[in-house]
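Q: Sharing a structure below in structure tokens format, with a few things to ask.
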Amino acid sequence: MTAPARTRSSAELIRAEEPVLAHNYHPLPVVVARAEGAWVEDVEGRRYLDMLAGYSALNFGHRNPVLIEAAHRQLDRLTLTSRAFHNDQLAEFAESLAALTGQDMVLPMNTGAEAVESAVKVARKWAYEVKGVPADRATIVVASGNFHGRTTTIVSFSTDETARSGFGPFTPGFRIVPYNDLAALEAAVDETTAAVLIEPIQGEAGVVIPDEGYLAGVRALTSRAGCLFIADEIQSGLGRTGRTLAVDHEGVVPDVVLLGKALGGGIVPVSAVVARRDVLGVLQPGEHGSTFGGNPLAAAVGSAVVGLLETGEFQRWAAELGAVLRDGLAALVGKGVVGFRARGLWAGVDVDPAIGTGREISERLMQEGILVKDTHGSTIRLAPPLTITDAELRSALETLEKVLAA
Ligand SMILES: Cc1ncc(COP(=O)(O)O)c(C=O)c1O
């Protein structure tokens with residue numbers, strides 16, 4: 001049977017969503033129907049260059065042929081077993097991911113928030129069993145401006161009132177310190193501290209890059225204090241910044257690394273906690289789980305993602321083209337851009353508020369065939385697929401210049 005012909009326009013589909021979909025997002029008014037590489041096409045056949053890439057979930061482009069082939073192959077053999085049984089894809093996925101990240105063990109989950117939740121549980125258990133923190137006294141130190149997901153425990157330590165308001169009571173056991181402030185971190189860590197949980201670059205906050213030495217400082221401090229360093233690389237990891245992990249820029253190896261988004265190749269949700277054996281080894285059968293975590297389809301796609309990163313090609317391209325992005329943005333400072341932060345193919349661009357809000361700029365760019373998304377106020381975030389060409393990136397920068405000048 002063939003699919004029925006599409007009968008509804010973009011405008012009709014957007015109107016149809018309104019009464020039946022929860023309003024937890026405020027999408028741009030574009031209805032995507034097809035995609036390939038760095039390009040998406042809407043219902044009417046208009047093409048847009050995707051400069052957001054699913055908040056880095058599409059690092060390898062839409063429908064990357066290597067990943068699609070791996071998914072097809074697996075779809076035809078086995079898709080789900082639950083962890084009640086072993087499946088023949090999981091060992092290779094865990095081996096290759098541990099090797100790629102320089103860690104020992106993998107806890108496979110599905111979404112980013114689940115990986116963060118899992119790490120919170122593992123860190124607490126590690127604190128009680130290995131560090132000897134008295135029962136129920138463990139604390140985790142986090143940074144202001146963080147974004148780690150949307151569950152009740154995670155929003156408990158958010159500093160974004162929109163994310164928290166109306167969702168209490170909150171989970172205790174978290175201390176919040178300013179980001180990029182080692183002295184404040186030092187003051188917050190004590191004998192109850194299980195872990196310091198931070199993003200090596202704060203994505204949602206507007207691609208906020210800490211000072212050189214901060215990540216190495218967090219590593220030294222946590223080692224000294226005998227607590228875990230958990231790096232949330234769910235958005236910053238897997239090639240985005242021009243290295244496999246953002247912490248690689250400072251040659252730092254955290255105790256626990258959280259991955260998600262691009263790990264699923266833009267095909268399926270795949271996340272993971274990767275850590276040393278003495279950390280993840282605290283989990284015993286029955287203490288934690290997920291029906292879908294580590295399913296064979298996810299594992300096959302995840303292994304193929306790791307395969308792409310093992311060549312180093314995407315990291316090199318992100319670094320090389322990242323210089324084009326940085327230079328292009330630097331040339332726009334004073335021409336509508338008041339500031340920007342960039343690393344690899346990832347940038348937060350602060351637009352002069354007199355020109356428009358981030359939302360308004362995003363809508364104007366959309367009309368010119370470029371998809372981006374605002375973060376806070378007048379900041380827009382650029383995170384194109386790492387498969388974008390030099391010409392495509394330069395053309396996006398020209399369009400940005402034109403929109404800012406209009
Ligand atoms: C750093 C970071 N951690 C966690 C998450 C949550 O991931 P998910 O939306 O898959 O739950 C995100 C999502 O944007 C993120 O950027």
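Here, A, B, ... name the chains of the structure tokens in the order displayed, residue numbers run from 1 inside each chain, and ligands are numbered from 1 in the same displayed order.
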Check which residues fall inside 8 Å of ligand 1 when counting only C-alpha atoms and all ligand atoms, and print them as a VMD selection string.
A: chain A and resid 55 110 to 116 146 to 150 199 202 to 204 232 to 236 258 260 to 261 269 271
Q: How would you write, as an MDAnalysis selection string, the set of residues in range 229-329 of chain A that DSSP gives as alpha helix (DSSP H)?
A: chainID A and resid 277:280 296:310 313:329
Q: Can those selected residues be exported to a file as a PDB file, in the first residue's frame so that it contains C-alpha atoms?
A:
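The result, stored in again-v8.pdb:
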ATOM      1  CA  ARG A 277      34.904   0.695  36.248  1.00  0.00           C
ATOM      2  CA  ASP A 278      35.145   1.705  39.921  1.00  0.00           C
ATOM      3  CA  VAL A 279      32.328   4.225  39.331  1.00  0.00           C
ATOM      4  CA  LEU A 280      29.826   2.431  37.085  1.00  0.00           C
ATOM      5  CA  PRO A 296      19.824  -3.584  19.314  1.00  0.00           C
ATOM      6  CA  LEU A 297      18.695  -0.896  16.881  1.00  0.00           C
ATOM      7  CA  ALA A 298      20.118   1.842  19.106  1.00  0.00           C
ATOM      8  CA  ALA A 299      23.319  -0.142  19.635  1.00  0.00           C
ATOM      9  CA  ALA A 300      23.786  -0.741  15.894  1.00  0.00           C
ATOM     10  CA  VAL A 301      23.297   2.946  15.100  1.00  0.00           C
ATOM     11  CA  GLY A 302      25.468   3.969  18.064  1.00  0.00           C
ATOM     12  CA  SER A 303      28.284   1.669  16.891  1.00  0.00           C
ATOM     13  CA  ALA A 304      28.065   3.200  13.420  1.00  0.00           C
ATOM     14  CA  VAL A 305      28.265   6.699  14.969  1.00  0.00           C
ATOM     15  CA  VAL A 306      31.382   5.696  16.892  1.00  0.00           C
ATOM     16  CA  GLY A 307      32.771   4.274  13.625  1.00  0.00           C
ATOM     17  CA  LEU A 308      32.355   7.683  11.958  1.00  0.00           C
ATOM     18  CA  LEU A 309      34.152   9.410  14.819  1.00  0.00           C
ATOM     19  CA  GLU A 310      37.000   6.891  14.959  1.00  0.00           C
ATOM     20  CA  GLU A 313      37.463  13.157   9.910  1.00  0.00           C
ATOM     21  CA  PHE A 314      34.418  14.929  11.401  1.00  0.00           C
ATOM     22  CA  GLN A 315      36.438  16.403  14.250  1.00  0.00           C
ATOM     23  CA  ARG A 316      39.029  17.740  11.768  1.00  0.00           C
ATOM     24  CA  TRP A 317      36.356  19.235   9.508  1.00  0.00           C
ATOM     25  CA  ALA A 318      34.567  20.869  12.456  1.00  0.00           C
ATOM     26  CA  ALA A 319      37.859  22.447  13.542  1.00  0.00           C
ATOM     27  CA  GLU A 320      38.798  23.577  10.007  1.00  0.00           C
ATOM     28  CA  LEU A 321      35.397  24.965   9.114  1.00  0.00           C
ATOM     29  CA  GLY A 322      35.062  26.310  12.653  1.00  0.00           C
ATOM     30  CA  ALA A 323      37.766  28.829  11.730  1.00  0.00           C
ATOM     31  CA  VAL A 324      35.606  29.991   8.796  1.00  0.00           C
ATOM     32  CA  LEU A 325      32.631  30.354  11.136  1.00  0.00           C
ATOM     33  CA  ARG A 326      34.678  32.301  13.686  1.00  0.00           C
ATOM     34  CA  ASP A 327      36.188  34.628  11.080  1.00  0.00           C
ATOM     35  CA  GLY A 328      32.784  35.149   9.464  1.00  0.00           C
ATOM     36  CA  LEU A 329      31.205  36.096  12.794  1.00  0.00           C
TER      37      LEU A 329
END
Q: A:Glu212, A:Glu161, A:Glu401, A:Glu129: which is nearest Gly281 in chain A, counting only C-alpha atoms?
A: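 Closest to Gly281 in chain A of all the choices is A:Glu129.
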Q: Got a sec: who's within 8 Å of range 369-375 of chain A, counting only C-alpha atoms, leaving out chain neighbours fewer than 2 positions off, as number ranges by chain?
A: A: 47-52, 204-206, 358-359, 362, 365-367, 377-382, 396, 399
Q: Restricting it to N, CA and C atoms, dump the selection as a PDB file, in the first residue's frame.
A:
ATOM      1  N   ARG A  47      13.256  24.713   0.271  1.00  0.00           N
ATOM      2  CA  ARG A  47      14.450  24.142   0.886  1.00  0.00           C
ATOM      3  C   ARG A  47      15.100  25.118   1.862  1.00  0.00           C
ATOM      4  N   TYR A  48      15.608  24.577   2.949  1.00  0.00           N
ATOM      5  CA  TYR A  48      16.268  25.387   3.988  1.00  0.00           C
ATOM      6  C   TYR A  48      17.583  24.714   4.373  1.00  0.00           C
ATOM      7  N   LEU A  49      18.596  25.524   4.630  1.00  0.00           N
ATOM      8  CA  LEU A  49      19.848  25.006   5.179  1.00  0.00           C
ATOM      9  C   LEU A  49      19.678  24.903   6.692  1.00  0.00           C
ATOM     10  N   ASP A  50      19.892  23.715   7.235  1.00  0.00           N
ATOM     11  CA  ASP A  50      19.656  23.473   8.663  1.00  0.00           C
ATOM     12  C   ASP A  50      20.894  23.860   9.460  1.00  0.00           C
ATOM     13  N   MET A  51      20.852  25.035  10.059  1.00  0.00           N
ATOM     14  CA  MET A  51      22.006  25.523  10.842  1.00  0.00           C
ATOM     15  C   MET A  51      21.821  25.254  12.338  1.00  0.00           C
ATOM     16  N   LEU A  52      20.901  24.352  12.682  1.00  0.00           N
ATOM     17  CA  LEU A  52      20.695  23.991  14.090  1.00  0.00           C
ATOM     18  C   LEU A  52      21.013  22.521  14.332  1.00  0.00           C
ATOM     19  N   GLU A 204      22.740  25.647  26.036  1.00  0.00           N
ATOM     20  CA  GLU A 204      21.472  26.382  26.125  1.00  0.00           C
ATOM     21  C   GLU A 204      21.691  27.804  26.622  1.00  0.00           C
ATOM     22  N   ALA A 205      22.690  27.986  27.458  1.00  0.00           N
ATOM     23  CA  ALA A 205      22.951  29.320  28.016  1.00  0.00           C
ATOM     24  C   ALA A 205      23.451  30.284  26.937  1.00  0.00           C
ATOM     25  N   GLY A 206      23.765  29.750  25.742  1.00  0.00           N
ATOM     26  CA  GLY A 206      24.209  30.606  24.637  1.00  0.00           C
ATOM     27  C   GLY A 206      25.627  30.293  24.196  1.00  0.00           C
ATOM     28  N   GLY A 358      16.081  37.362  19.376  1.00  0.00           N
ATOM     29  CA  GLY A 358      16.610  36.154  18.745  1.00  0.00           C
ATOM     30  C   GLY A 358      15.535  35.469  17.920  1.00  0.00           C
ATOM     31  N   ARG A 359      14.324  35.492  18.443  1.00  0.00           N
ATOM     32  CA  ARG A 359      13.202  34.872  17.737  1.00  0.00           C
ATOM     33  C   ARG A 359      12.945  35.575  16.400  1.00  0.00           C
ATOM     34  N   SER A 362      15.614  34.773  13.949  1.00  0.00           N
ATOM     35  CA  SER A 362      15.446  33.391  13.475  1.00  0.00           C
ATOM     36  C   SER A 362      14.353  33.328  12.412  1.00  0.00           C
ATOM     37  N   LEU A 365      15.667  34.852   9.198  1.00  0.00           N
ATOM     38  CA  LEU A 365      16.598  33.920   8.544  1.00  0.00           C
ATOM     39  C   LEU A 365      15.819  32.786   7.872  1.00  0.00           C
ATOM     40  N   MET A 366      14.762  32.335   8.532  1.00  0.00           N
ATOM     41  CA  MET A 366      13.932  31.271   7.958  1.00  0.00           C
ATOM     42  C   MET A 366      13.356  31.703   6.608  1.00  0.00           C
ATOM     43  N   GLN A 367      12.904  32.961   6.575  1.00  0.00           N
ATOM     44  CA  GLN A 367      12.353  33.459   5.303  1.00  0.00           C
ATOM     45  C   GLN A 367      13.414  33.481   4.213  1.00  0.00           C
ATOM     46  N   GLY A 377      16.957  35.910  24.992  1.00  0.00           N
ATOM     47  CA  GLY A 377      16.983  37.302  24.542  1.00  0.00           C
ATOM     48  C   GLY A 377      17.327  37.417  23.071  1.00  0.00           C
ATOM     49  N   SER A 378      18.427  38.094  22.782  1.00  0.00           N
ATOM     50  CA  SER A 378      18.795  38.332  21.386  1.00  0.00           C
ATOM     51  C   SER A 378      19.960  37.457  20.944  1.00  0.00           C
ATOM     52  N   THR A 379      20.061  36.278  21.529  1.00  0.00           N
ATOM     53  CA  THR A 379      21.129  35.353  21.139  1.00  0.00           C
ATOM     54  C   THR A 379      20.572  34.260  20.222  1.00  0.00           C
ATOM     55  N   ILE A 380      21.296  33.999  19.136  1.00  0.00           N
ATOM     56  CA  ILE A 380      20.935  32.847  18.307  1.00  0.00           C
ATOM     57  C   ILE A 380      22.077  31.839  18.347  1.00  0.00           C
ATOM     58  N   ARG A 381      21.708  30.584  18.145  1.00  0.00           N
ATOM     59  CA  ARG A 381      22.710  29.533  18.220  1.00  0.00           C
ATOM     60  C   ARG A 381      22.912  28.922  16.841  1.00  0.00           C
ATOM     61  N   LEU A 382      24.146  28.785  16.442  1.00  0.00           N
ATOM     62  CA  LEU A 382      24.469  28.140  15.170  1.00  0.00           C
ATOM     63  C   LEU A 382      25.159  26.814  15.474  1.00  0.00           C
ATOM     64  N   ALA A 396      25.565  30.781   4.306  1.00  0.00           N
ATOM     65  CA  ALA A 396      24.744  31.058   5.498  1.00  0.00           C
ATOM     66  C   ALA A 396      25.220  32.345   6.181  1.00  0.00           C
ATOM     67  N   THR A 399      23.993  35.273   4.257  1.00  0.00           N
ATOM     68  CA  THR A 399      22.566  35.519   4.522  1.00  0.00           C
ATOM     69  C   THR A 399      22.381  36.193   5.871  1.00  0.00           C
TER      70      THR A 399
END
Q: For a quick check of understanding, using only C-alpha atoms, which of A:Arg276, A:His376, A:Arg8, A:Arg46 has the smallest distance to Ala123 in chain A?
A: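 Closest to Ala123 in chain A of all the choices is A:Arg276.
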Q: Check the smallest atom-to-atom distance from each of A:Leu404, A:Val257, A:Val270, A:Val177 to Val333 in chain A using only C-alpha atoms, then report the winner.
A: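 Closest to Val333 in chain A of all the choices is A:Leu404.
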Q: Compare A:Leu100, A:Leu397, A:Leu67, A:Leu345 by their minimum atom-to-atom distance to Ala53 in chain A, counting only C-alpha atoms, and give me the closest one.
A: A:Leu345
Q: Can you measure CA of Val141 in chain A to CA of Gly102 in chain A for me? One decimal in Å is fine.
A: 24.0 Å
Q: For Leu228 in chain A, which residue among A:Thr151, A:Ser158, A:Thr291, A:Thr139 is the nearest when counting only C-alpha atoms?
A: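 Of all the options, A:Thr139 lies closest to Leu228 in chain A.
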Q: Can you pull out every residue within 8 Å of range 219-227 of chain A, counting only C-alpha atoms, but drop anything in the same chain fewer than 2 positions away, and send it as a PDB file with N, CA and C atoms, in the first residue's frame?
A:
ATOM      1  N   ALA A 127      29.190   7.631  46.199  1.00  0.00           N
ATOM      2  CA  ALA A 127      29.541   8.397  47.407  1.00  0.00           C
ATOM      3  C   ALA A 127      29.303   7.565  48.665  1.00  0.00           C
ATOM      4  N   LYS A 131      33.104   6.342  48.743  1.00  0.00           N
ATOM      5  CA  LYS A 131      33.668   7.486  49.472  1.00  0.00           C
ATOM      6  C   LYS A 131      33.323   7.447  50.964  1.00  0.00           C
ATOM      7  N   GLU A 186      35.379  25.514  44.713  1.00  0.00           N
ATOM      8  CA  GLU A 186      36.215  25.030  45.824  1.00  0.00           C
ATOM      9  C   GLU A 186      35.471  25.207  47.158  1.00  0.00           C
ATOM     10  N   VAL A 189      32.517  22.584  47.632  1.00  0.00           N
ATOM     11  CA  VAL A 189      32.829  21.152  47.744  1.00  0.00           C
ATOM     12  C   VAL A 189      33.246  20.826  49.175  1.00  0.00           C
ATOM     13  N   ASP A 190      32.650  19.785  49.745  1.00  0.00           N
ATOM     14  CA  ASP A 190      33.072  19.344  51.084  1.00  0.00           C
ATOM     15  C   ASP A 190      33.023  17.825  51.163  1.00  0.00           C
ATOM     16  N   GLU A 191      33.063  17.294  52.377  1.00  0.00           N
ATOM     17  CA  GLU A 191      33.170  15.836  52.526  1.00  0.00           C
ATOM     18  C   GLU A 191      31.889  15.102  52.096  1.00  0.00           C
ATOM     19  N   THR A 193      30.378  15.836  49.238  1.00  0.00           N
ATOM     20  CA  THR A 193      30.243  15.999  47.787  1.00  0.00           C
ATOM     21  C   THR A 193      30.524  14.698  47.036  1.00  0.00           C
ATOM     22  N   ALA A 194      29.512  14.238  46.330  1.00  0.00           N
ATOM     23  CA  ALA A 194      29.665  13.049  45.488  1.00  0.00           C
ATOM     24  C   ALA A 194      30.302  13.427  44.162  1.00  0.00           C
ATOM     25  N   ALA A 195      29.864  14.565  43.617  1.00  0.00           N
ATOM     26  CA  ALA A 195      30.320  14.915  42.266  1.00  0.00           C
ATOM     27  C   ALA A 195      30.142  16.389  41.975  1.00  0.00           C
ATOM     28  N   VAL A 196      30.915  16.843  41.004  1.00  0.00           N
ATOM     29  CA  VAL A 196      30.698  18.144  40.368  1.00  0.00           C
ATOM     30  C   VAL A 196      30.195  17.823  38.963  1.00  0.00           C
ATOM     31  N   LEU A 215      38.408  23.869  33.011  1.00  0.00           N
ATOM     32  CA  LEU A 215      38.121  22.420  33.033  1.00  0.00           C
ATOM     33  C   LEU A 215      39.265  21.660  33.701  1.00  0.00           C
ATOM     34  N   ALA A 216      40.493  22.075  33.422  1.00  0.00           N
ATOM     35  CA  ALA A 216      41.641  21.448  34.101  1.00  0.00           C
ATOM     36  C   ALA A 216      41.571  21.736  35.595  1.00  0.00           C
ATOM     37  N   GLY A 217      41.094  22.931  35.939  1.00  0.00           N
ATOM     38  CA  GLY A 217      40.932  23.298  37.346  1.00  0.00           C
ATOM     39  C   GLY A 217      39.873  22.444  38.036  1.00  0.00           C
ATOM     40  N   PHE A 229      34.151  14.027  38.827  1.00  0.00           N
ATOM     41  CA  PHE A 229      33.938  15.077  37.829  1.00  0.00           C
ATOM     42  C   PHE A 229      33.064  14.463  36.733  1.00  0.00           C
ATOM     43  N   VAL A 252      41.650  17.005  29.375  1.00  0.00           N
ATOM     44  CA  VAL A 252      41.109  16.581  30.667  1.00  0.00           C
ATOM     45  C   VAL A 252      40.303  15.289  30.505  1.00  0.00           C
ATOM     46  N   VAL A 253      40.469  14.362  31.433  1.00  0.00           N
ATOM     47  CA  VAL A 253      39.660  13.137  31.414  1.00  0.00           C
ATOM     48  C   VAL A 253      38.762  13.131  32.660  1.00  0.00           C
ATOM     49  N   PRO A 254      37.458  13.363  32.487  1.00  0.00           N
ATOM     50  CA  PRO A 254      36.545  13.340  33.639  1.00  0.00           C
ATOM     51  C   PRO A 254      36.377  11.900  34.150  1.00  0.00           C
TER      52      PRO A 254
END
Q: Run DSSP on the backbone and tell me which residues of range 194-321 of chain A come out as strand (DSSP E); list them as a list in words.
A: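 Secondary structure check on range 194-321 of chain A, strand (DSSP E): Ala194, Ala195, Val196, Leu197, Ile198, Leu228, Phe229, Ile230, Ala231, Asp232, Val256, Val257, Leu258, Leu259, Ser271, Ala272, Val273, Val274 and Ala275 of chain A.
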Q: Keeping only N, CA and C atoms, write the selected residues to a file as a JSON list (two decimals), in the first residue's frame.
A:
[["chain", "number", "residue", "atom", "x", "y", "z"],
["A", 194, "ALA", "N", 29.51, 14.24, 46.33],
["A", 194, "ALA", "CA", 29.67, 13.05, 45.49],
["A", 194, "ALA", "C", 30.30, 13.43, 44.16],
["A", 195, "ALA", "N", 29.86, 14.56, 43.62],
["A", 195, "ALA", "CA", 30.32, 14.92, 42.27],
["A", 195, "ALA", "C", 30.14, 16.39, 41.98],
["A", 196, "VAL", "N", 30.92, 16.84, 41.00],
["A", 196, "VAL", "CA", 30.70, 18.14, 40.37],
["A", 196, "VAL", "C", 30.20, 17.82, 38.96],
["A", 197, "LEU", "N", 29.02, 18.36, 38.64],
["A", 197, "LEU", "CA", 28.39, 18.08, 37.35],
["A", 197, "LEU", "C", 28.34, 19.38, 36.55],
["A", 198, "ILE", "N", 29.06, 19.43, 35.44],
["A", 198, "ILE", "CA", 29.03, 20.65, 34.61],
["A", 198, "ILE", "C", 29.02, 20.32, 33.12],
["A", 228, "LEU", "N", 33.68, 13.02, 42.23],
["A", 228, "LEU", "CA", 33.69, 12.72, 40.80],
["A", 228, "LEU", "C", 33.52, 14.00, 39.96],
["A", 229, "PHE", "N", 34.15, 14.03, 38.83],
["A", 229, "PHE", "CA", 33.94, 15.08, 37.83],
["A", 229, "PHE", "C", 33.06, 14.46, 36.73],
["A", 230, "ILE", "N", 31.82, 14.95, 36.67],
["A", 230, "ILE", "CA", 30.89, 14.47, 35.63],
["A", 230, "ILE", "C", 30.78, 15.55, 34.55],
["A", 231, "ALA", "N", 31.18, 15.24, 33.33],
["A", 231, "ALA", "CA", 31.08, 16.19, 32.23],
["A", 231, "ALA", "C", 29.86, 15.85, 31.38],
["A", 232, "ASP", "N", 28.92, 16.78, 31.32],
["A", 232, "ASP", "CA", 27.75, 16.58, 30.47],
["A", 232, "ASP", "C", 28.13, 17.04, 29.06],
["A", 256, "VAL", "N", 33.35, 10.71, 34.71],
["A", 256, "VAL", "CA", 32.10, 10.28, 34.08],
["A", 256, "VAL", "C", 31.80, 11.24, 32.93],
["A", 257, "VAL", "N", 31.46, 10.68, 31.77],
["A", 257, "VAL", "CA", 31.08, 11.51, 30.62],
["A", 257, "VAL", "C", 29.66, 11.12, 30.21],
["A", 258, "LEU", "N", 28.84, 12.14, 29.98],
["A", 258, "LEU", "CA", 27.46, 11.89, 29.56],
["A", 258, "LEU", "C", 27.32, 12.23, 28.08],
["A", 259, "LEU", "N", 26.77, 11.29, 27.33],
["A", 259, "LEU", "CA", 26.60, 11.49, 25.89],
["A", 259, "LEU", "C", 25.15, 11.25, 25.51],
["A", 271, "SER", "N", 21.49, 7.48, 24.45],
["A", 271, "SER", "CA", 22.36, 8.22, 25.36],
["A", 271, "SER", "C", 23.17, 7.22, 26.17],
["A", 272, "ALA", "N", 24.17, 7.72, 26.87],
["A", 272, "ALA", "CA", 25.01, 6.81, 27.64],
["A", 272, "ALA", "C", 25.74, 7.55, 28.74],
["A", 273, "VAL", "N", 25.94, 6.84, 29.84],
["A", 273, "VAL", "CA", 26.89, 7.26, 30.87],
["A", 273, "VAL", "C", 28.13, 6.42, 30.62],
["A", 274, "VAL", "N", 29.28, 7.06, 30.41],
["A", 274, "VAL", "CA", 30.52, 6.29, 30.26],
["A", 274, "VAL", "C", 31.45, 6.70, 31.39],
["A", 275, "ALA", "N", 32.07, 5.73, 32.01],
["A", 275, "ALA", "CA", 32.84, 6.03, 33.22],
["A", 275, "ALA", "C", 33.85, 4.94, 33.51]]
Q: CA of Ala38 in chain A to CA of Met109 in chain A: how many Å, to one decimal?
A: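 Answer for the CA of Ala38 in chain A to CA of Met109 in chain A separation: 27.0 Å.
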Q: Rank nothing, just name the residue among A:Ile140, A:Ile388, A:Val122, A:Leu400 nearest to Trp39 in chain A, using only C-alpha atoms.
A: A:Ile388
